[in-house]
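Since the structure comes first, as structure tokens, the remarks are kept for the end.
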Amino acid sequence: MGKVIVGTTMSLDGFMNDRNGGVSRLYPDLEALRKTELLQESIRTTGAVVMGRRAYAMGDPDWYADHYEFQVPIFVLTHAVPEHLPKKNDKLTFTFVTDGIEHAIAQAKAAAGDKNVMVIGGANTAQQCIRAGLVDEIQIGIIPVLLGEGLRLFEHLGSEQIELERMKIIESPMRTDMRFRVVKKRRIL
């Protein structure tokens, strides 16, 4: 069975978006990002995606079916199913999960088979996965920019210490990608 991987991009000071919720400064060149070794490997090894409702709704949801790099089943963690269901295709489908992160991950794992489940976008969704102990790996792209404020990935994780093992670091002119395996969690006393 595949792994559950949290994949994200953040600023050097740890923010996943700016104070207004924008991410444009973290993705200055999407075409270059799509060509990175780490993203190409992720595309090949991902069998399903879990994302939060805000990440899903950042743009036109109908865009995903023809353009999104992960052409796999997508499970959107949400409180309510949207009235307008987005376009889908033979590979990319949407399932809106309203009963929590554990159910979203379980459904995504079943859909992914032997491939990985990639958790994308949104600090809240990633934090829920980490707190629930559902994450096997964390992939982080660090962009050399300081946003000063916004949402941080590594906040609201509870009273557990999480130990990581560095697996890979890939440097490029526009970003540094790091991959970590979750080793164990310890209760903070």
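By convention in this document, the chains of the structure tokens carry letters A, B, ... by their order, each chain's residues are numbered from 1, and ligands are numbered from 1 in the order they are shown.
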
Any chance you could tabulate, as JSON lines, the residues of region 9-48 of chain A at most 8 Å from region 148-161 of chain A with each one's nearest atom pair and distance in Å to one decimal, using only C-alpha atoms, in chain and rising number order?
{"residue": "A:Asp13", "atom": "CA", "partner": "A:Gly148", "partner_atom": "CA", "distance": 7.0}
{"residue": "A:Gly14", "atom": "CA", "partner": "A:Arg152", "partner_atom": "CA", "distance": 5.6}
{"residue": "A:Phe15", "atom": "CA", "partner": "A:Arg152", "partner_atom": "CA", "distance": 4.5}
{"residue": "A:Met16", "atom": "CA", "partner": "A:Leu151", "partner_atom": "CA", "distance": 5.6}
{"residue": "A:Asn17", "atom": "CA", "partner": "A:Gly150", "partner_atom": "CA", "distance": 5.4}
{"residue": "A:Asp18", "atom": "CA", "partner": "A:Gly150", "partner_atom": "CA", "distance": 4.4}
{"residue": "A:Arg19", "atom": "CA", "partner": "A:Gly150", "partner_atom": "CA", "distance": 4.1}
{"residue": "A:Asn20", "atom": "CA", "partner": "A:Gly150", "partner_atom": "CA", "distance": 7.3}
{"residue": "A:Gly21", "atom": "CA", "partner": "A:Gly150", "partner_atom": "CA", "distance": 6.9}

Could you pull out the alpha helix (DSSP H) residues of region 44-186 of chain A, going by DSSP on the backbone, and write them as a short mmCIF file (atom, residue, chain, number, x, y, z; two decimals) with all heavy atoms, in the first residue's frame?
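The result, written out as states.cif:
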data_model
loop_
_atom_site.label_atom_id
_atom_site.label_comp_id
_atom_site.auth_asym_id
_atom_site.auth_seq_id
_atom_site.Cartn_x
_atom_site.Cartn_y
_atom_site.Cartn_z
N ARG A 44 3.99 10.75 -10.89
CA ARG A 44 4.08 9.33 -11.26
C ARG A 44 3.61 8.39 -10.15
O ARG A 44 3.06 7.33 -10.42
CB ARG A 44 5.52 8.96 -11.62
CG ARG A 44 5.99 9.48 -12.95
CD ARG A 44 7.35 8.88 -13.32
NE ARG A 44 8.40 9.08 -12.34
CZ ARG A 44 9.16 10.17 -12.25
NH1 ARG A 44 8.99 11.16 -13.09
NH2 ARG A 44 10.10 10.25 -11.32
N THR A 45 3.83 8.77 -8.90
CA THR A 45 3.57 7.85 -7.79
C THR A 45 2.28 8.14 -7.02
O THR A 45 1.96 7.40 -6.08
CB THR A 45 4.76 7.88 -6.79
OG1 THR A 45 4.91 9.21 -6.29
CG2 THR A 45 6.05 7.42 -7.46
N ARG A 53 -11.30 22.30 1.32
CA ARG A 53 -12.28 23.03 0.52
C ARG A 53 -11.72 24.36 0.02
O ARG A 53 -11.98 24.76 -1.11
CB ARG A 53 -13.55 23.25 1.36
CG ARG A 53 -14.63 24.07 0.70
CD ARG A 53 -15.14 23.42 -0.58
NE ARG A 53 -16.10 24.25 -1.26
CZ ARG A 53 -17.41 24.07 -1.24
NH1 ARG A 53 -17.92 23.07 -0.56
NH2 ARG A 53 -18.19 24.90 -1.88
N ARG A 54 -10.94 25.06 0.84
CA ARG A 54 -10.38 26.35 0.40
C ARG A 54 -9.42 26.17 -0.76
O ARG A 54 -9.42 26.94 -1.71
CB ARG A 54 -9.69 27.06 1.55
CG ARG A 54 -10.65 27.68 2.51
CD ARG A 54 -9.93 28.56 3.51
NE ARG A 54 -10.78 28.74 4.66
CZ ARG A 54 -10.35 28.92 5.88
NH1 ARG A 54 -9.06 28.96 6.12
NH2 ARG A 54 -11.19 29.07 6.88
N ALA A 55 -8.56 25.16 -0.69
CA ALA A 55 -7.63 24.89 -1.79
C ALA A 55 -8.40 24.54 -3.05
O ALA A 55 -8.08 25.02 -4.15
CB ALA A 55 -6.66 23.78 -1.42
N TYR A 56 -9.43 23.74 -2.92
CA TYR A 56 -10.28 23.35 -4.06
C TYR A 56 -10.92 24.58 -4.70
O TYR A 56 -10.99 24.69 -5.93
CB TYR A 56 -11.34 22.36 -3.57
CG TYR A 56 -12.53 22.24 -4.47
CD1 TYR A 56 -12.48 21.45 -5.61
CD2 TYR A 56 -13.72 22.90 -4.19
CE1 TYR A 56 -13.58 21.32 -6.44
CE2 TYR A 56 -14.83 22.78 -5.01
CZ TYR A 56 -14.75 22.00 -6.12
OH TYR A 56 -15.83 21.89 -6.95
N TYR A 64 -9.66 21.87 -13.15
CA TYR A 64 -8.89 20.69 -12.76
C TYR A 64 -8.93 19.58 -13.81
O TYR A 64 -7.92 18.94 -14.09
CB TYR A 64 -9.42 20.11 -11.43
CG TYR A 64 -9.08 20.92 -10.22
CD1 TYR A 64 -9.99 21.83 -9.69
CD2 TYR A 64 -7.87 20.77 -9.57
CE1 TYR A 64 -9.69 22.57 -8.55
CE2 TYR A 64 -7.56 21.51 -8.43
CZ TYR A 64 -8.48 22.39 -7.94
OH TYR A 64 -8.18 23.13 -6.83
N ALA A 65 -10.11 19.30 -14.38
CA ALA A 65 -10.29 18.15 -15.28
C ALA A 65 -9.36 18.19 -16.48
O ALA A 65 -8.91 17.14 -16.95
CB ALA A 65 -11.74 18.06 -15.74
N ASP A 66 -9.02 19.35 -16.97
CA ASP A 66 -8.18 19.44 -18.16
C ASP A 66 -6.75 19.89 -17.90
O ASP A 66 -5.89 19.73 -18.77
CB ASP A 66 -8.82 20.40 -19.17
CG ASP A 66 -10.16 19.90 -19.67
OD1 ASP A 66 -10.31 18.68 -19.84
OD2 ASP A 66 -11.07 20.74 -19.86
N HIS A 67 -6.47 20.44 -16.70
CA HIS A 67 -5.16 21.06 -16.50
C HIS A 67 -4.37 20.60 -15.28
O HIS A 67 -3.16 20.78 -15.24
CB HIS A 67 -5.32 22.58 -16.39
CG HIS A 67 -6.03 23.19 -17.55
ND1 HIS A 67 -5.88 22.79 -18.83
CD2 HIS A 67 -6.93 24.21 -17.61
CE1 HIS A 67 -6.63 23.50 -19.63
NE2 HIS A 67 -7.29 24.37 -18.92
N ILE A 101 -11.24 13.97 8.39
CA ILE A 101 -10.00 13.66 7.69
C ILE A 101 -9.72 12.16 7.65
O ILE A 101 -9.21 11.66 6.64
CB ILE A 101 -8.81 14.44 8.31
CG1 ILE A 101 -7.58 14.38 7.40
CG2 ILE A 101 -8.47 13.94 9.70
CD1 ILE A 101 -7.74 15.06 6.07
N GLU A 102 -10.06 11.44 8.70
CA GLU A 102 -9.81 9.99 8.69
C GLU A 102 -10.56 9.31 7.55
O GLU A 102 -10.02 8.44 6.86
CB GLU A 102 -10.18 9.35 10.04
CG GLU A 102 -9.26 9.72 11.18
CD GLU A 102 -9.65 11.01 11.89
OE1 GLU A 102 -10.63 11.68 11.47
OE2 GLU A 102 -8.96 11.38 12.86
N HIS A 103 -11.82 9.72 7.35
CA HIS A 103 -12.61 9.14 6.26
C HIS A 103 -12.09 9.57 4.89
O HIS A 103 -12.08 8.77 3.95
CB HIS A 103 -14.09 9.51 6.41
CG HIS A 103 -14.74 8.82 7.57
ND1 HIS A 103 -14.98 9.45 8.76
CD2 HIS A 103 -15.18 7.55 7.71
CE1 HIS A 103 -15.54 8.60 9.59
NE2 HIS A 103 -15.66 7.43 8.98
N ALA A 104 -11.65 10.81 4.79
CA ALA A 104 -11.09 11.27 3.51
C ALA A 104 -9.84 10.47 3.16
O ALA A 104 -9.68 10.03 2.01
CB ALA A 104 -10.78 12.76 3.58
N ILE A 105 -8.96 10.27 4.12
CA ILE A 105 -7.72 9.51 3.87
C ILE A 105 -8.05 8.05 3.56
O ILE A 105 -7.47 7.46 2.64
CB ILE A 105 -6.75 9.63 5.06
CG1 ILE A 105 -6.26 11.07 5.21
CG2 ILE A 105 -5.59 8.65 4.93
CD1 ILE A 105 -5.38 11.59 4.08
N ALA A 106 -8.99 7.46 4.30
CA ALA A 106 -9.35 6.05 4.05
C ALA A 106 -9.90 5.88 2.64
O ALA A 106 -9.51 4.93 1.93
CB ALA A 106 -10.38 5.58 5.09
N GLN A 107 -10.75 6.77 2.20
CA GLN A 107 -11.31 6.68 0.84
C GLN A 107 -10.22 6.90 -0.21
O GLN A 107 -10.18 6.21 -1.23
CB GLN A 107 -12.43 7.71 0.65
CG GLN A 107 -13.67 7.38 1.45
CD GLN A 107 -14.74 8.43 1.25
OE1 GLN A 107 -15.13 8.74 0.13
NE2 GLN A 107 -15.22 9.00 2.36
N ALA A 108 -9.33 7.84 0.05
CA ALA A 108 -8.25 8.12 -0.89
C ALA A 108 -7.30 6.93 -0.99
O ALA A 108 -6.85 6.57 -2.08
CB ALA A 108 -7.50 9.38 -0.47
N LYS A 109 -6.98 6.30 0.14
CA LYS A 109 -6.11 5.12 0.12
C LYS A 109 -6.74 3.99 -0.70
O LYS A 109 -6.05 3.33 -1.47
CB LYS A 109 -5.84 4.61 1.55
CG LYS A 109 -4.78 5.38 2.28
CD LYS A 109 -4.57 4.74 3.65
CE LYS A 109 -3.30 5.18 4.29
NZ LYS A 109 -3.05 4.47 5.55
N ALA A 110 -8.04 3.78 -0.52
CA ALA A 110 -8.73 2.74 -1.29
C ALA A 110 -8.66 3.04 -2.78
O ALA A 110 -8.42 2.15 -3.60
CB ALA A 110 -10.18 2.61 -0.82
N ALA A 111 -8.84 4.30 -3.15
CA ALA A 111 -8.79 4.69 -4.57
C ALA A 111 -7.38 4.62 -5.13
O ALA A 111 -7.19 4.29 -6.31
CB ALA A 111 -9.35 6.11 -4.74
N ALA A 112 -6.37 4.92 -4.30
CA ALA A 112 -4.98 4.96 -4.77
C ALA A 112 -4.38 3.58 -4.98
O ALA A 112 -3.40 3.44 -5.71
CB ALA A 112 -4.13 5.76 -3.78
N ALA A 123 -3.19 24.74 5.15
CA ALA A 123 -2.53 24.40 6.40
C ALA A 123 -3.45 23.56 7.28
O ALA A 123 -3.02 22.59 7.90
CB ALA A 123 -2.11 25.66 7.14
N ASN A 124 -4.73 23.89 7.32
CA ASN A 124 -5.66 23.20 8.20
C ASN A 124 -5.76 21.72 7.85
O ASN A 124 -5.72 20.86 8.74
CB ASN A 124 -7.03 23.88 8.12
CG ASN A 124 -7.99 23.34 9.16
OD1 ASN A 124 -7.73 22.34 9.82
ND2 ASN A 124 -9.12 24.01 9.29
N THR A 125 -5.89 21.38 6.59
CA THR A 125 -6.01 19.98 6.18
C THR A 125 -4.73 19.22 6.52
O THR A 125 -4.79 18.11 7.07
CB THR A 125 -6.31 19.89 4.66
OG1 THR A 125 -7.52 20.60 4.40
CG2 THR A 125 -6.45 18.45 4.21
N ALA A 126 -3.58 19.79 6.23
CA ALA A 126 -2.30 19.15 6.56
C ALA A 126 -2.16 18.97 8.06
O ALA A 126 -1.74 17.91 8.54
CB ALA A 126 -1.14 19.98 6.01
N GLN A 127 -2.53 20.00 8.84
CA GLN A 127 -2.43 19.91 10.30
C GLN A 127 -3.33 18.81 10.85
O GLN A 127 -2.93 18.08 11.76
CB GLN A 127 -2.78 21.26 10.92
CG GLN A 127 -1.76 22.33 10.66
CD GLN A 127 -2.26 23.73 10.94
OE1 GLN A 127 -3.43 23.93 11.30
NE2 GLN A 127 -1.39 24.71 10.77
N GLN A 128 -4.54 18.67 10.30
CA GLN A 128 -5.45 17.61 10.74
C GLN A 128 -4.82 16.24 10.50
O GLN A 128 -4.90 15.35 11.36
CB GLN A 128 -6.78 17.70 10.02
CG GLN A 128 -7.66 18.84 10.45
CD GLN A 128 -8.96 18.85 9.68
OE1 GLN A 128 -9.69 17.87 9.68
NE2 GLN A 128 -9.23 19.96 9.00
N CYS A 129 -4.20 16.06 9.34
CA CYS A 129 -3.55 14.78 9.02
C CYS A 129 -2.39 14.49 9.97
O CYS A 129 -2.23 13.37 10.45
CB CYS A 129 -3.03 14.79 7.58
SG CYS A 129 -4.30 14.60 6.35
N ILE A 130 -1.59 15.50 10.21
CA ILE A 130 -0.42 15.33 11.09
C ILE A 130 -0.88 15.01 12.51
O ILE A 130 -0.38 14.08 13.14
CB ILE A 130 0.48 16.58 11.05
CG1 ILE A 130 1.12 16.72 9.65
CG2 ILE A 130 1.55 16.51 12.13
CD1 ILE A 130 1.80 18.05 9.40
N ARG A 131 -1.86 15.78 13.04
CA ARG A 131 -2.37 15.54 14.40
C ARG A 131 -2.96 14.14 14.54
O ARG A 131 -2.83 13.51 15.58
CB ARG A 131 -3.45 16.57 14.76
CG ARG A 131 -2.92 17.87 15.28
CD ARG A 131 -4.01 18.72 15.92
NE ARG A 131 -5.23 18.82 15.14
CZ ARG A 131 -5.51 19.80 14.28
NH1 ARG A 131 -4.64 20.77 14.08
NH2 ARG A 131 -6.64 19.82 13.62
#

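For His84 (chain A), the list of residues within 12 Å, based on only C-alpha atoms and with local chain neighbours fewer than 4 positions off taken out, reads Ala57, Asp60, Pro61, Asp62, Ala80, Phe94 and Phe96 of chain A.
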
Deliver the residues from the most recent selection as a file, using N, CA and C atoms, as a PDB file, in the first residue's frame.
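Result file follows (result00.pdb):
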ATOM      1  N   ALA A  57     -11.379  25.513  -3.884  1.00  0.00           N
ATOM      2  CA  ALA A  57     -12.138  26.664  -4.378  1.00  0.00           C
ATOM      3  C   ALA A  57     -11.283  27.874  -4.727  1.00  0.00           C
ATOM      4  N   ASP A  60     -11.167  28.222 -10.479  1.00  0.00           N
ATOM      5  CA  ASP A  60     -12.325  27.611 -11.117  1.00  0.00           C
ATOM      6  C   ASP A  60     -12.207  26.095 -10.988  1.00  0.00           C
ATOM      7  N   PRO A  61     -13.067  25.438 -10.197  1.00  0.00           N
ATOM      8  CA  PRO A  61     -12.972  23.988 -10.015  1.00  0.00           C
ATOM      9  C   PRO A  61     -13.086  23.189 -11.314  1.00  0.00           C
ATOM     10  N   ASP A  62     -13.749  23.729 -12.333  1.00  0.00           N
ATOM     11  CA  ASP A  62     -13.846  23.022 -13.615  1.00  0.00           C
ATOM     12  C   ASP A  62     -12.495  22.942 -14.326  1.00  0.00           C
ATOM     13  N   ALA A  80     -19.713  20.912   3.632  1.00  0.00           N
ATOM     14  CA  ALA A  80     -20.914  20.778   2.803  1.00  0.00           C
ATOM     15  C   ALA A  80     -20.509  20.555   1.338  1.00  0.00           C
ATOM     16  N   PHE A  94     -14.122  13.806  -8.461  1.00  0.00           N
ATOM     17  CA  PHE A  94     -14.196  14.501  -7.170  1.00  0.00           C
ATOM     18  C   PHE A  94     -15.148  13.765  -6.240  1.00  0.00           C
ATOM     19  N   PHE A  96     -16.608  14.586  -2.338  1.00  0.00           N
ATOM     20  CA  PHE A  96     -16.637  15.560  -1.256  1.00  0.00           C
ATOM     21  C   PHE A  96     -16.911  14.814   0.043  1.00  0.00           C
TER      22      PHE A  96
END

| Which residue out of A:Leu33, A:Leu147, A:Leu26, A:Leu77 has the minimum interatomic distance to Thr98 (chain A) when only C-alpha atoms are used? | A:Leu77

| message | Run DSSP on the backbone and tell me which residues of region 106-145 of chain A come out as strand (DSSP E); list them as a ChimeraX atom specification. | response | /A:116-120,137-143

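Using only C-alpha atoms, the residues found no farther than 8 Å from Thr95 (chain A), other than those of its own chain fewer than 3 positions away, are Pro73, Ile74, Phe75 and Val76 of chain A.
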
Keeping only all heavy atoms, take the residues you just selected and write them out as a CSV table (one decimal), in the first residue's frame.
chain,number,residue,atom,x,y,z
A,73,PRO,N,-8.3,10.5,-8.7
A,73,PRO,CA,-9.4,10.8,-7.9
A,73,PRO,C,-9.0,11.8,-6.8
A,73,PRO,O,-7.9,11.7,-6.2
A,73,PRO,CB,-9.8,9.5,-7.2
A,73,PRO,CG,-9.3,8.5,-8.2
A,73,PRO,CD,-8.0,9.0,-8.8
A,74,ILE,N,-9.8,12.9,-6.6
A,74,ILE,CA,-9.6,13.9,-5.6
A,74,ILE,C,-10.7,13.9,-4.6
A,74,ILE,O,-11.8,13.8,-4.9
A,74,ILE,CB,-9.5,15.3,-6.3
A,74,ILE,CG1,-8.4,15.4,-7.3
A,74,ILE,CG2,-9.4,16.4,-5.2
A,74,ILE,CD1,-8.3,16.7,-8.1
A,75,PHE,N,-10.2,13.9,-3.3
A,75,PHE,CA,-11.2,13.8,-2.2
A,75,PHE,C,-11.1,15.2,-1.5
A,75,PHE,O,-10.0,15.5,-1.0
A,75,PHE,CB,-10.8,12.7,-1.3
A,75,PHE,CG,-11.0,11.3,-2.0
A,75,PHE,CD1,-10.0,10.8,-2.8
A,75,PHE,CD2,-12.2,10.7,-1.8
A,75,PHE,CE1,-10.2,9.6,-3.4
A,75,PHE,CE2,-12.4,9.5,-2.5
A,75,PHE,CZ,-11.4,8.9,-3.3
A,76,VAL,N,-12.2,15.9,-1.5
A,76,VAL,CA,-12.2,17.3,-0.9
A,76,VAL,C,-12.8,17.2,0.5
A,76,VAL,O,-14.0,16.8,0.6
A,76,VAL,CB,-12.9,18.2,-1.8
A,76,VAL,CG1,-13.0,19.7,-1.2
A,76,VAL,CG2,-12.4,18.2,-3.2

| said: Given only C-alpha atoms as the basis, pick out the residue of A:Gln139, A:Ile169, A:Val23, A:Glu163 nearest to Leu39 (chain A). | reply: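 Result for the nearest residue to Leu39 (chain A): A:Gln139.
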
| Long-range neighbours of Val183 (chain A) as a VMD selection string, 12 Å cut-off, only C-alpha atoms, 6 positions minimum in chain | chain A and resid 133 135 to 138 161 to 167

| query | Could you name the residues that touch Ser11 (chain A) at 6 Å or less, counting only C-alpha atoms, but leaving out those on the same chain fewer than 5 positions away, as a list of chain:residue names? | reply | A:Ile142, A:Ile143, A:Val145, A:Leu146

| What is the distance between CA of Ser24 (chain A) and CA of Val119 (chain A), in Å to one decimal? |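 Spanning CA of Ser24 (chain A) to CA of Val119 (chain A) is a straight-line distance of 19.7 Å.
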
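Checking A:Ala32, A:Leu12, A:Val81, A:Ile5 one by one against Gly47 (chain A), counting only C-alpha atoms, you find the shortest gap at A:Ile5.
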
| message | Using Å and a single decimal, report how far CA of Asp177 (chain A) sits from CA of Arg25 (chain A). | response | 16.3 Å
